[in-house]
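A.B. asks: Here you go, my_file.csv (CSV, C-alpha atoms and all ligand atoms):
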```
chain,number,residue,atom,x,y,z
J,25,MET,CA,-17.8,-7.7,-1.2
J,26,ASP,CA,-20.5,-6.1,-3.4
J,27,LEU,CA,-18.6,-2.9,-4.2
J,28,ALA,CA,-21.7,-1.7,-6.0
J,29,ASP,CA,-23.0,-1.1,-2.4
J,30,LEU,CA,-20.7,1.9,-2.1
J,31,GLY,CA,-22.5,3.4,-5.0
J,32,ARG,CA,-25.4,4.5,-2.8
J,33,ARG,CA,-23.3,6.9,-0.7
J,34,GLY,CA,-20.1,7.1,-2.6
J,35,LEU,CA,-16.4,6.6,-2.1
J,36,VAL,CA,-14.1,9.7,-2.0
J,37,LEU,CA,-10.4,9.6,-2.6
J,38,LEU,CA,-8.5,12.5,-1.1
J,39,GLY,CA,-5.3,12.3,-3.2
J,40,CYS,CA,-5.0,9.7,-6.0
J,41,GLY,CA,-1.4,9.2,-6.9
J,42,LYS,CA,0.5,5.9,-7.0
J,43,MET,CA,-1.2,4.2,-4.0
J,44,GLY,CA,-4.7,5.7,-4.5
J,45,SER,CA,-4.6,4.7,-8.1
J,46,ALA,CA,-3.3,1.2,-7.4
J,47,MET,CA,-6.3,0.6,-5.0
J,48,LEU,CA,-8.8,2.3,-7.3
J,49,GLU,CA,-7.6,0.2,-10.2
J,50,GLY,CA,-8.1,-2.9,-8.1
J,51,TRP,CA,-11.6,-1.8,-7.1
J,52,LEU,CA,-12.7,-0.9,-10.6
J,53,GLY,CA,-11.4,-4.2,-11.8
J,54,ARG,CA,-13.7,-5.8,-9.2
J,55,GLY,CA,-16.8,-4.0,-10.5
J,56,LEU,CA,-16.9,-0.7,-8.5
J,57,ALA,CA,-18.9,1.8,-10.7
J,58,LEU,CA,-17.1,4.9,-11.8
J,59,SER,CA,-20.1,7.0,-10.9
J,60,ALA,CA,-19.6,6.0,-7.2
J,61,VAL,CA,-16.1,7.5,-7.1
J,62,TRP,CA,-15.2,11.1,-6.2
J,63,VAL,CA,-11.5,12.0,-6.5
J,64,THR,CA,-10.0,15.2,-5.2
J,65,ASP,CA,-6.5,15.8,-6.5
J,66,PRO,CA,-5.0,19.0,-7.7
J,67,ARG,CA,-2.7,17.1,-10.1
J,68,PRO,CA,-4.7,14.3,-11.6
J,69,SER,CA,-3.0,11.8,-13.9
J,70,ASP,CA,-4.1,11.2,-17.5
J,71,TRP,CA,-5.5,7.9,-16.3
J,72,LEU,CA,-7.8,9.7,-13.9
J,73,LYS,CA,-8.8,12.2,-16.5
J,74,SER,CA,-9.7,9.4,-18.9
J,75,LEU,CA,-11.9,7.8,-16.1
J,76,ALA,CA,-13.5,11.2,-15.5
J,77,ALA,CA,-14.5,11.3,-19.2
J,78,ARG,CA,-16.4,8.0,-18.5
J,79,GLY,CA,-18.2,9.0,-15.3
J,80,LEU,CA,-15.8,9.3,-12.3
J,81,HIS,CA,-16.3,12.6,-10.4
J,82,LEU,CA,-12.9,14.4,-10.6
J,83,ASN,CA,-12.5,17.5,-8.4
J,84,GLU,CA,-16.3,18.0,-8.2
J,85,ALA,CA,-18.3,18.9,-5.1
J,86,LEU,CA,-18.4,15.9,-2.7
J,87,PRO,CA,-21.5,14.0,-1.7
J,88,ASP,CA,-22.9,15.1,1.7
J,89,GLU,CA,-22.3,11.8,3.4
J,90,PRO,CA,-20.0,9.4,1.5
J,91,ALA,CA,-19.6,5.9,3.0
J,92,VAL,CA,-15.8,6.2,3.0
J,93,VAL,CA,-13.2,8.9,2.5
J,94,LEU,CA,-9.9,7.2,1.5
J,95,VAL,CA,-7.1,9.5,2.5
J,96,ALA,CA,-4.1,8.9,0.1
J,97,VAL,CA,-2.1,12.1,0.2
J,98,LYS,CA,1.5,12.1,1.3
J,99,PRO,CA,2.0,12.8,5.1
J,100,GLN,CA,3.7,16.1,4.2
J,101,MET,CA,0.5,17.3,2.3
J,102,MET,CA,-1.9,16.2,5.0
J,103,SER,CA,-2.1,19.6,6.9
J,104,GLU,CA,-3.1,21.3,3.6
J,105,ALA,CA,-5.5,18.6,2.4
J,106,LEU,CA,-7.4,17.2,5.4
J,107,PRO,CA,-8.9,20.3,7.1
J,108,GLY,CA,-11.0,20.9,4.0
J,109,LEU,CA,-13.0,17.8,4.9
J,110,ALA,CA,-13.6,18.6,8.6
J,111,ALA,CA,-17.3,19.1,7.8
J,112,LEU,CA,-17.5,15.3,7.2
J,113,GLY,CA,-16.0,14.5,10.6
J,114,GLU,CA,-17.9,13.2,13.7
J,115,GLY,CA,-20.6,11.6,11.7
J,116,ARG,CA,-21.3,8.4,9.7
J,117,VAL,CA,-18.4,9.0,7.3
J,118,LEU,CA,-15.5,6.5,7.7
J,119,PHE,CA,-12.1,8.0,7.2
J,120,LEU,CA,-9.8,5.3,5.9
J,121,THR,CA,-6.2,6.6,5.7
J,122,VAL,CA,-3.2,4.9,4.1
J,123,ALA,CA,-0.7,7.7,4.9
J,124,ALA,CA,2.6,6.4,6.4
J,125,GLY,CA,3.5,7.8,9.8
J,126,THR,CA,0.5,10.1,10.4
J,127,PRO,CA,-1.0,8.8,13.7
J,128,ILE,CA,-4.8,8.4,14.3
J,129,SER,CA,-4.6,11.2,16.9
J,130,TYR,CA,-3.8,13.7,14.1
J,131,TYR,CA,-7.1,12.8,12.3
J,132,GLU,CA,-9.0,13.1,15.6
J,133,ARG,CA,-7.6,16.5,16.2
J,134,THR,CA,-8.3,17.7,12.7
J,135,LEU,CA,-11.7,16.1,12.1
J,136,GLY,CA,-13.0,15.8,15.7
J,137,ALA,CA,-12.4,13.1,18.3
J,138,ALA,CA,-15.7,11.3,17.5
J,139,THR,CA,-14.7,10.7,13.8
J,140,PRO,CA,-14.4,7.1,12.8
J,141,VAL,CA,-10.8,6.6,11.6
J,142,ILE,CA,-9.2,3.5,10.4
J,143,ARG,CA,-5.5,3.6,9.7
J,144,ALA,CA,-4.4,1.1,7.0
J,145,MET,CA,-1.1,0.2,5.4
J,146,PRO,CA,-1.6,-1.3,1.9
J,147,ASN,CA,1.0,-1.9,-0.8
J,148,THR,CA,1.1,-1.4,-4.5
J,149,PRO,CA,0.5,-5.1,-5.5
J,150,ALA,CA,-3.1,-4.0,-4.7
J,151,ALA,CA,-3.2,-2.9,-8.3
J,152,VAL,CA,-3.2,-6.6,-9.4
J,153,GLY,CA,-5.3,-7.9,-6.5
J,154,ARG,CA,-2.2,-9.2,-4.6
J,155,GLY,CA,-1.7,-6.5,-2.0
J,156,ILE,CA,-1.6,-7.0,1.8
J,157,THR,CA,-3.1,-4.4,4.0
J,158,ALA,CA,-2.8,-4.0,7.8
J,159,LEU,CA,-5.6,-2.2,9.6
J,160,VAL,CA,-6.2,-0.6,13.0
J,161,GLY,CA,-9.2,1.6,14.0
J,162,ASN,CA,-9.9,4.2,16.6
J,163,ALA,CA,-12.6,3.9,19.3
J,164,ALA,CA,-15.2,5.7,17.1
J,165,ALA,CA,-14.8,3.1,14.3
J,166,SER,CA,-17.6,0.6,14.7
J,167,GLU,CA,-17.1,-3.1,14.1
J,168,ALA,CA,-19.3,-2.7,11.0
J,169,GLN,CA,-16.9,0.0,9.7
J,170,MET,CA,-13.9,-2.2,10.5
J,171,ALA,CA,-15.7,-5.0,8.5
J,172,LEU,CA,-16.4,-2.5,5.7
J,173,ALA,CA,-12.8,-1.5,5.5
J,174,GLU,CA,-11.7,-5.1,5.6
J,175,ASP,CA,-14.1,-5.9,2.8
J,176,LEU,CA,-13.0,-3.0,0.7
J,177,LEU,CA,-9.4,-3.8,1.1
J,178,SER,CA,-9.8,-7.6,0.7
J,179,ALA,CA,-11.0,-6.7,-2.8
J,180,VAL,CA,-7.4,-5.9,-3.6
J,181,GLY,CA,-5.5,-8.6,-1.6
J,182,GLN,CA,-5.1,-10.0,1.9
J,183,VAL,CA,-6.1,-8.0,5.0
J,184,VAL,CA,-4.7,-8.3,8.6
J,185,ARG,CA,-5.9,-6.5,11.7
J,186,LEU,CA,-3.2,-5.2,14.1
J,187,GLU,CA,-3.2,-5.5,17.8
J,188,GLY,CA,-2.5,-1.8,18.1
J,189,GLU,CA,-1.2,1.3,16.3
J,190,HIS,CA,2.2,0.8,17.8
J,191,GLN,CA,2.8,-2.0,15.2
J,192,MET,CA,2.2,0.3,12.3
J,193,ASP,CA,5.7,1.7,11.7
J,194,ALA,CA,7.2,-1.8,11.6
J,195,VAL,CA,4.3,-3.0,9.3
J,196,THR,CA,5.0,-0.1,7.0
J,197,ALA,CA,8.7,-1.0,6.9
J,198,VAL,CA,8.0,-4.6,6.0
J,199,SER,CA,5.0,-4.7,3.7
J,200,GLY,CA,4.2,-1.1,2.8
J,201,SER,CA,7.7,-0.4,1.5
J,202,GLY,CA,8.6,-4.0,0.9
J,203,PRO,CA,7.6,-4.2,-2.8
J,204,ALA,CA,10.4,-1.6,-3.5
J,205,TYR,CA,13.0,-4.0,-1.9
J,206,VAL,CA,11.8,-6.8,-4.2
J,207,PHE,CA,11.9,-4.6,-7.3
J,208,HIS,CA,15.4,-3.6,-6.3
J,209,LEU,CA,16.3,-7.2,-6.0
J,210,ILE,CA,15.3,-7.7,-9.6
J,211,GLU,CA,17.5,-4.7,-10.6
J,212,ALA,CA,20.4,-6.0,-8.6
J,213,LEU,CA,20.1,-9.6,-9.8
J,214,ALA,CA,20.0,-8.4,-13.4
J,215,ALA,CA,23.0,-6.2,-12.9
J,216,ALA,CA,24.9,-9.1,-11.4
J,217,GLY,CA,23.9,-11.2,-14.4
J,218,GLU,CA,25.3,-8.5,-16.7
J,219,ALA,CA,28.5,-8.5,-14.6
J,220,GLU,CA,28.8,-12.2,-15.4
J,221,GLY,CA,28.7,-11.5,-19.1
J,222,LEU,CA,24.9,-11.7,-20.0
J,223,PRO,CA,23.4,-9.1,-22.3
J,224,ALA,CA,21.3,-6.5,-20.4
J,225,ASP,CA,17.9,-7.5,-21.8
J,226,LEU,CA,18.4,-11.2,-21.2
J,227,ALA,CA,19.7,-10.6,-17.7
J,228,MET,CA,16.6,-8.5,-16.9
J,229,THR,CA,14.2,-11.1,-18.4
J,230,LEU,CA,15.9,-13.9,-16.3
J,231,ALA,CA,15.9,-11.8,-13.1
J,232,ARG,CA,12.3,-10.6,-13.4
J,233,ALA,CA,10.9,-14.1,-14.3
J,234,THR,CA,12.9,-15.6,-11.4
J,235,VAL,CA,11.6,-13.2,-8.8
J,236,THR,CA,8.0,-13.3,-9.9
J,237,GLY,CA,8.1,-17.0,-10.4
J,238,ALA,CA,9.6,-17.6,-7.0
J,239,GLY,CA,7.0,-15.2,-5.5
J,240,GLU,CA,4.2,-17.2,-7.1
J,241,LEU,CA,5.7,-20.4,-5.9
J,242,ALA,CA,5.9,-19.0,-2.3
J,243,HIS,CA,2.3,-17.9,-2.7
J,244,ARG,CA,1.0,-21.3,-3.9
J,245,ALA,CA,3.2,-23.9,-2.3
J,246,PRO,CA,2.4,-25.3,1.1
J,247,GLU,CA,6.1,-25.5,2.1
J,248,SER,CA,7.7,-22.8,4.3
J,249,ALA,CA,10.1,-20.3,2.6
J,250,SER,CA,13.0,-22.1,4.2
J,251,GLN,CA,12.0,-25.4,2.7
J,252,LEU,CA,11.5,-23.8,-0.7
J,253,ARG,CA,15.0,-22.4,-0.4
J,254,VAL,CA,16.4,-25.8,0.6
J,255,ASN,CA,14.6,-27.4,-2.4
J,256,VAL,CA,16.8,-25.2,-4.8
J,257,THR,CA,20.0,-25.9,-2.9
J,258,SER,CA,22.0,-29.0,-4.0
J,259,PRO,CA,24.7,-29.8,-1.4
J,260,GLY,CA,28.0,-28.5,-2.7
J,261,GLY,CA,26.4,-26.9,-5.7
J,262,THR,CA,26.0,-23.4,-7.1
J,263,THR,CA,23.1,-22.2,-4.9
J,264,ALA,CA,25.0,-23.2,-1.8
J,265,ALA,CA,28.0,-21.1,-3.0
J,266,ALA,CA,25.7,-18.0,-3.4
J,267,LEU,CA,23.9,-18.6,-0.1
J,268,GLY,CA,27.2,-18.7,1.7
J,269,VAL,CA,27.6,-15.0,0.7
J,270,LEU,CA,23.9,-14.0,1.1
J,271,MET,CA,23.4,-15.7,4.5
J,272,ASP,CA,26.6,-14.5,6.1
J,273,PRO,CA,25.5,-13.2,9.5
J,274,GLU,CA,27.9,-10.2,9.3
J,275,SER,CA,27.7,-9.1,5.7
J,276,GLY,CA,24.8,-11.0,4.2
J,277,LEU,CA,21.1,-10.2,3.5
J,278,PRO,CA,19.8,-10.5,7.1
J,279,PRO,CA,21.9,-7.7,8.6
J,280,LEU,CA,21.4,-5.6,5.5
J,281,LEU,CA,17.6,-6.0,5.6
J,282,ARG,CA,17.6,-5.5,9.3
J,283,ARG,CA,19.2,-2.1,8.8
J,284,ALA,CA,16.9,-1.2,5.8
J,285,VAL,CA,13.7,-2.1,7.7
J,286,LYS,CA,14.9,-0.2,10.7
J,287,ALA,CA,15.6,2.9,8.6
J,288,ALA,CA,12.1,2.7,7.1
J,289,ALA,CA,10.4,2.2,10.6
J,290,ASP,CA,12.5,5.1,12.0
J,291,ARG,CA,11.4,7.3,9.2
J,292,GLY,CA,7.8,6.4,9.8
J,293,ARG,CA,8.2,7.4,13.5
J,294,GLU,CA,9.8,10.6,12.4
J,295,LEU,CA,6.9,11.4,9.9
J,296,GLY,CA,4.5,10.8,12.8
J,297,ARG,CA,6.0,13.5,15.0
S,301,LIG,N1,3.3,4.2,-2.8
S,301,LIG,C1,3.2,3.2,-2.0
S,301,LIG,O1,3.7,2.1,-2.2
S,301,LIG,C2,2.5,3.4,-0.7
S,301,LIG,C3,2.1,4.6,-0.2
S,301,LIG,N2,1.4,4.8,1.0
S,301,LIG,C4,0.9,6.1,1.4
S,301,LIG,O2,0.0,6.6,0.4
S,301,LIG,C5,0.1,8.0,0.4
S,301,LIG,C6,0.3,8.5,-1.0
S,301,LIG,O3,1.5,8.0,-1.5
S,301,LIG,P1,1.8,7.9,-3.1
S,301,LIG,O4,0.5,7.5,-3.7
S,301,LIG,O5,3.0,7.1,-3.2
S,301,LIG,O6,2.1,9.4,-3.4
S,301,LIG,P2,1.8,10.3,-4.7
S,301,LIG,O7,2.6,11.5,-4.6
S,301,LIG,O8,1.9,9.4,-5.9
S,301,LIG,O9,0.2,10.6,-4.5
S,301,LIG,C7,-0.2,11.7,-3.7
S,301,LIG,C8,-1.3,12.4,-4.5
S,301,LIG,O10,-1.8,13.5,-3.6
S,301,LIG,C9,-2.1,14.6,-4.4
S,301,LIG,N3,-2.3,15.8,-3.6
S,301,LIG,C10,-1.3,16.7,-3.3
S,301,LIG,N4,-1.9,17.7,-2.5
S,301,LIG,C11,-3.2,17.4,-2.4
S,301,LIG,C12,-4.3,18.0,-1.8
S,301,LIG,N5,-4.1,19.2,-1.1
S,301,LIG,N6,-5.5,17.5,-1.9
S,301,LIG,C13,-5.7,16.3,-2.6
S,301,LIG,N7,-4.7,15.6,-3.2
S,301,LIG,C14,-3.5,16.2,-3.1
S,301,LIG,C15,-1.0,14.6,-5.4
S,301,LIG,O11,-1.3,15.4,-6.6
S,301,LIG,C16,-0.8,13.1,-5.7
S,301,LIG,O12,-1.5,12.7,-6.8
S,301,LIG,C17,1.2,8.4,1.3
S,301,LIG,O13,0.7,8.9,2.5
S,301,LIG,C18,2.0,7.1,1.5
S,301,LIG,O14,2.6,7.1,2.8
S,301,LIG,C19,1.1,3.7,1.7
S,301,LIG,C20,1.4,2.4,1.3
S,301,LIG,C21,2.2,2.2,0.1
S,302,LIG,O1,7.6,5.4,0.9
S,302,LIG,C1,6.7,5.7,1.6
S,302,LIG,O2,6.8,6.6,2.5
S,302,LIG,C2,5.4,5.0,1.4
S,302,LIG,C3,4.9,4.3,2.6
S,302,LIG,C4,5.0,2.8,2.3
S,302,LIG,C5,5.4,2.8,0.9
S,302,LIG,N1,5.5,4.0,0.4
```
As C-alpha cells, how would this structure be written, given the file I've shared?
Ligand SMILES: NC(=O)C1=CN([C@@H]2O[C@H](COP(=O)(O)OP(=O)(O)OC[C@H]3O[C@@H](n4cnc5c(N)ncnc54)[C@H](O)[C@@H]3O)[C@@H](O)[C@H]2O)C=CC1
Ligand SMILES: O=C(O)[C@@H]1CCC=N1

C.D. replies:
Amino acid sequence: MDLADLGRRGLVLLGCGKMGSAMLEGWLGRGLALSAVWVTDPRPSDWLKSLAARGLHLNEALPDEPAVVLVAVKPQMMSEALPGLAALGEGRVLFLTVAAGTPISYYERTLGAATPVIRAMPNTPAAVGRGITALVGNAAASEAQMALAEDLLSAVGQVVRLEGEHQMDAVTAVSGSGPAYVFHLIEALAAAGEAEGLPADLAMTLARATVTGAGELAHRAPESASQLRVNVTSPGGTTAAALGVLMDPESGLPPLLRRAVKAAADRGRELGR
C-alpha cells in the first residue's frame, strides 16, 4: 500500500511498547512519514524520543480525525487509556486494536456502538516484515476499512481474516505468542548443546542459525513441514533417535505444546472477562 496516504489524516498509536514499536518500525521501513504518526505513551522509549526529534508527534494533541487509531496498550491498561479517545468514536476513525483478550464489545461500550473497530492479532516478526496478523471487524467497520487494515498490516507481513471473534484466543495462543515459543526453542537447544559439552557461545550460534535457517527453509520450500522433517531424518540415524523422544505421544513436544497453547488461550479468555 501507499503508506504515505495515511499522511493526510494521520495514524495514532495509543501505547507504543514492544508490539507498537515492532509495527511502527515495519511501517517506517516501508516509507511511512514520521510527520504522519502521533504516539501517545506516558513512558516512551529512547527510540521513540529519537523519532520525535525527527518529526514524529510524541504526546502531542491528536488530529481531529485520524484515519486509524492503533490501540497497543496492555489489556490491563485499557480502562485507563481508551476512554480519553471516546471523542473519536462513532465517526470515520477506525480503531484497530492488537490487545490480547479484550473483546470488540469492550471498545463498543467505551467508544460507542457505531465505532468502527477491527481487532487484530499480530506478532513481533512484524518488525522485520515477517509477521502474521489475524483480523476480525465489527458491524460498523466497512469493507473499505477492513481493506485499509489489511493493507496496513500486510506492510509488515501476512494477513488472514478470521471467520469470527471466537477464533481470536486460539490465534493469539498460536501466532501472537508463538514467536516466544520459538525463541525459547533456541535457548533450550543451545542449553542442550552445552550439556553435550559445547562452549556456550558456539552452542548459541549453532542453535540460533539452525532455528532461523529451518524457519527460512519452511518459508521458501514448497514441501510440507512434515516432508522437510523427513528430509533431515536418515533411517536409523541421529535425527530419528532425537525424534523418538520429541514425537513421543505421552511425553514429547505435541502434548507439551498442546498444554502450552491451551494455557495461552485460557489466559486470553480470562483477560477478556
Ligand atoms: N508483544 C507481543 O508479542 C504482542 C503483543 N500484543 C498486544 O499488544 C499490546 C501491547 O503489548 P506490548 O507491546 O508487549 O506491551 P508493552 O508494555 O511493551 O507496551 C505497552 C505500552 O503502553 C504504554 N502505556 C501504558 N499506559 C498507557 C496509557 N494510559 N496510554 C497510552 N499508553 C500507555 C506503556 O508505556 C507501554 O509503552 C498488548 O495488548 C498485547 O496483548 C499482541 C500481539 C503480540
Ligand atoms: O503475552 C501477551 O499477552 C501478548 C499477546 C500475544 C503476545 N504477547

A.B. asks: At a cut-off of 9 Å, can you tabulate as a tab-separated table every residue of chain J near ligand LIG 302 (chain S) together with its closest atom pair and the distance in Å to one decimal, using all atoms listed in the file and ordering rows by chain then number?

C.D. replies:
```
residue	atom	partner	partner_atom	distance
J:Met43	CA	S:LIG302	N1	8.0
J:Lys98	CA	S:LIG302	O2	7.7
J:Pro99	CA	S:LIG302	O2	8.3
J:Val122	CA	S:LIG302	C3	8.3
J:Ala123	CA	S:LIG302	C3	6.9
J:Ala124	CA	S:LIG302	C3	4.9
J:Gly125	CA	S:LIG302	O2	8.1
J:Met145	CA	S:LIG302	C4	7.3
J:Pro146	CA	S:LIG302	C4	7.8
J:Asn147	CA	S:LIG302	C5	6.7
J:Thr148	CA	S:LIG302	C5	8.1
J:Thr196	CA	S:LIG302	C4	5.5
J:Ala197	CA	S:LIG302	C4	7.0
J:Val198	CA	S:LIG302	C4	8.8
J:Ser199	CA	S:LIG302	C4	7.6
J:Gly200	CA	S:LIG302	C4	4.0
J:Ser201	CA	S:LIG302	C5	4.0
J:Gly202	CA	S:LIG302	C5	7.5
J:Pro203	CA	S:LIG302	C5	8.2
J:Ala204	CA	S:LIG302	C5	8.0
J:Ala288	CA	S:LIG302	O2	8.0
J:Arg291	CA	S:LIG302	O2	8.2
J:Gly292	CA	S:LIG302	O2	7.4
J:Leu295	CA	S:LIG302	O2	8.8
```

A.B. asks: Which protein, DNA or RNA residues are at most 6 Å from (-11.9, 9.6, -0.7) in the file's coordinates when you count all atoms listed in the file, listed as a list in words?

C.D. replies: Leu35, Val36, Leu37, Leu38, Val93, Leu94 and Val95 of chain J

A.B. asks: Which of these residues is nearest to Leu176 (chain J), using all atoms listed in the file: J:Pro127, J:Gly113, J:Gly55, J:Gly188?

C.D. replies: J:Gly55

A.B. asks: Rank J:Val117, J:Ala245, J:Ala46, J:Leu75 by their smallest atom-to-atom distance to ligand LIG 301 (chain S), using only C-alpha atoms and all ligand atoms, and report the top residue only.

C.D. replies: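 The answer is J:Ala46, which sits nearest to ligand LIG 301 (chain S).
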
A.B. asks: Name the closest residue to ligand LIG 301 (chain S) among the candidates J:Gly217, J:Pro149, J:Gly50, J:Gly261; distances are taken between atoms, counting all atoms listed in the file.

C.D. replies: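 Checking each of J:Gly217, J:Pro149, J:Gly50, J:Gly261 against ligand LIG 301 (chain S), counting all atoms listed in the file, the winner is J:Pro149.
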
A.B. asks: Kindly indicate which residue among J:Gly155, J:Pro90, J:Pro140, J:Gly41 lies nearest to Glu114 (chain J), using only C-alpha atoms for the distances.

C.D. replies: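 Among the listed residues, J:Pro140 lies closest to Glu114 (chain J).
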
A.B. asks: Find the residue from J:Ala60, J:Leu48, J:Val256, J:Ala96 that sits nearest to ligand LIG 301 (chain S); use all atoms listed in the file when measuring.

C.D. replies: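 For ligand LIG 301 (chain S), the nearest of the given residues is J:Ala96.
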
A.B. asks: List every protein, DNA or RNA residue with an atom no more than 10 Å from (16.8, -9.0, -8.3) in the file's coordinates, counting all atoms listed in the file, and format the result as a PyMOL selection string.

C.D. replies: chain J and resi 205-217+227-228+230-236

A.B. asks: Could you work out how far CA of Ala151 (chain J) lies from CA of Met47 (chain J), giving the answer in Å with one decimal?

C.D. replies: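 For CA of Met47 (chain J) relative to CA of Ala151 (chain J), the distance reads 5.7 Å.
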
A.B. asks: Return the single residue from J:Glu247, J:Gly296, J:Ala171, J:Ala179 that is closest to ligand LIG 301 (chain S), with distances computed using only C-alpha atoms and all ligand atoms.

C.D. replies: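 Residue with the minimum atom-to-atom distance to ligand LIG 301 (chain S): J:Gly296.
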
A.B. asks: Just how far from CA of Glu49 (chain J) is CA of Val61 (chain J), in Å to one decimal?

C.D. replies: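 These two atoms are separated by 11.6 Å.
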
A.B. asks: Skip Leu118 (chain J) itself and residues of its chain fewer than 2 positions away, then list as an mmCIF file with C-alpha atoms, in the coordinates of the input all residues within 10 Å of it, counting only C-alpha atoms.

C.D. replies:
```
data_model
loop_
_atom_site.group_PDB
_atom_site.id
_atom_site.type_symbol
_atom_site.label_atom_id
_atom_site.label_comp_id
_atom_site.auth_asym_id
_atom_site.auth_seq_id
_atom_site.Cartn_x
_atom_site.Cartn_y
_atom_site.Cartn_z
ATOM 1 C CA LEU J 35 -16.400 6.600 -2.100
ATOM 2 C CA GLU J 89 -22.300 11.800 3.400
ATOM 3 C CA PRO J 90 -20.000 9.400 1.500
ATOM 4 C CA ALA J 91 -19.600 5.900 3.000
ATOM 5 C CA VAL J 92 -15.800 6.200 3.000
ATOM 6 C CA VAL J 93 -13.200 8.900 2.500
ATOM 7 C CA LEU J 94 -9.900 7.200 1.500
ATOM 8 C CA LEU J 112 -17.500 15.300 7.200
ATOM 9 C CA GLY J 113 -16.000 14.500 10.600
ATOM 10 C CA GLU J 114 -17.900 13.200 13.700
ATOM 11 C CA GLY J 115 -20.600 11.600 11.700
ATOM 12 C CA ARG J 116 -21.300 8.400 9.700
ATOM 13 C CA LEU J 120 -9.800 5.300 5.900
ATOM 14 C CA THR J 121 -6.200 6.600 5.700
ATOM 15 C CA THR J 139 -14.700 10.700 13.800
ATOM 16 C CA PRO J 140 -14.400 7.100 12.800
ATOM 17 C CA VAL J 141 -10.800 6.600 11.600
ATOM 18 C CA ILE J 142 -9.200 3.500 10.400
ATOM 19 C CA ALA J 164 -15.200 5.700 17.100
ATOM 20 C CA ALA J 165 -14.800 3.100 14.300
ATOM 21 C CA SER J 166 -17.600 0.600 14.700
ATOM 22 C CA GLN J 169 -16.900 0.000 9.700
ATOM 23 C CA MET J 170 -13.900 -2.200 10.500
ATOM 24 C CA LEU J 172 -16.400 -2.500 5.700
ATOM 25 C CA ALA J 173 -12.800 -1.500 5.500
#
```
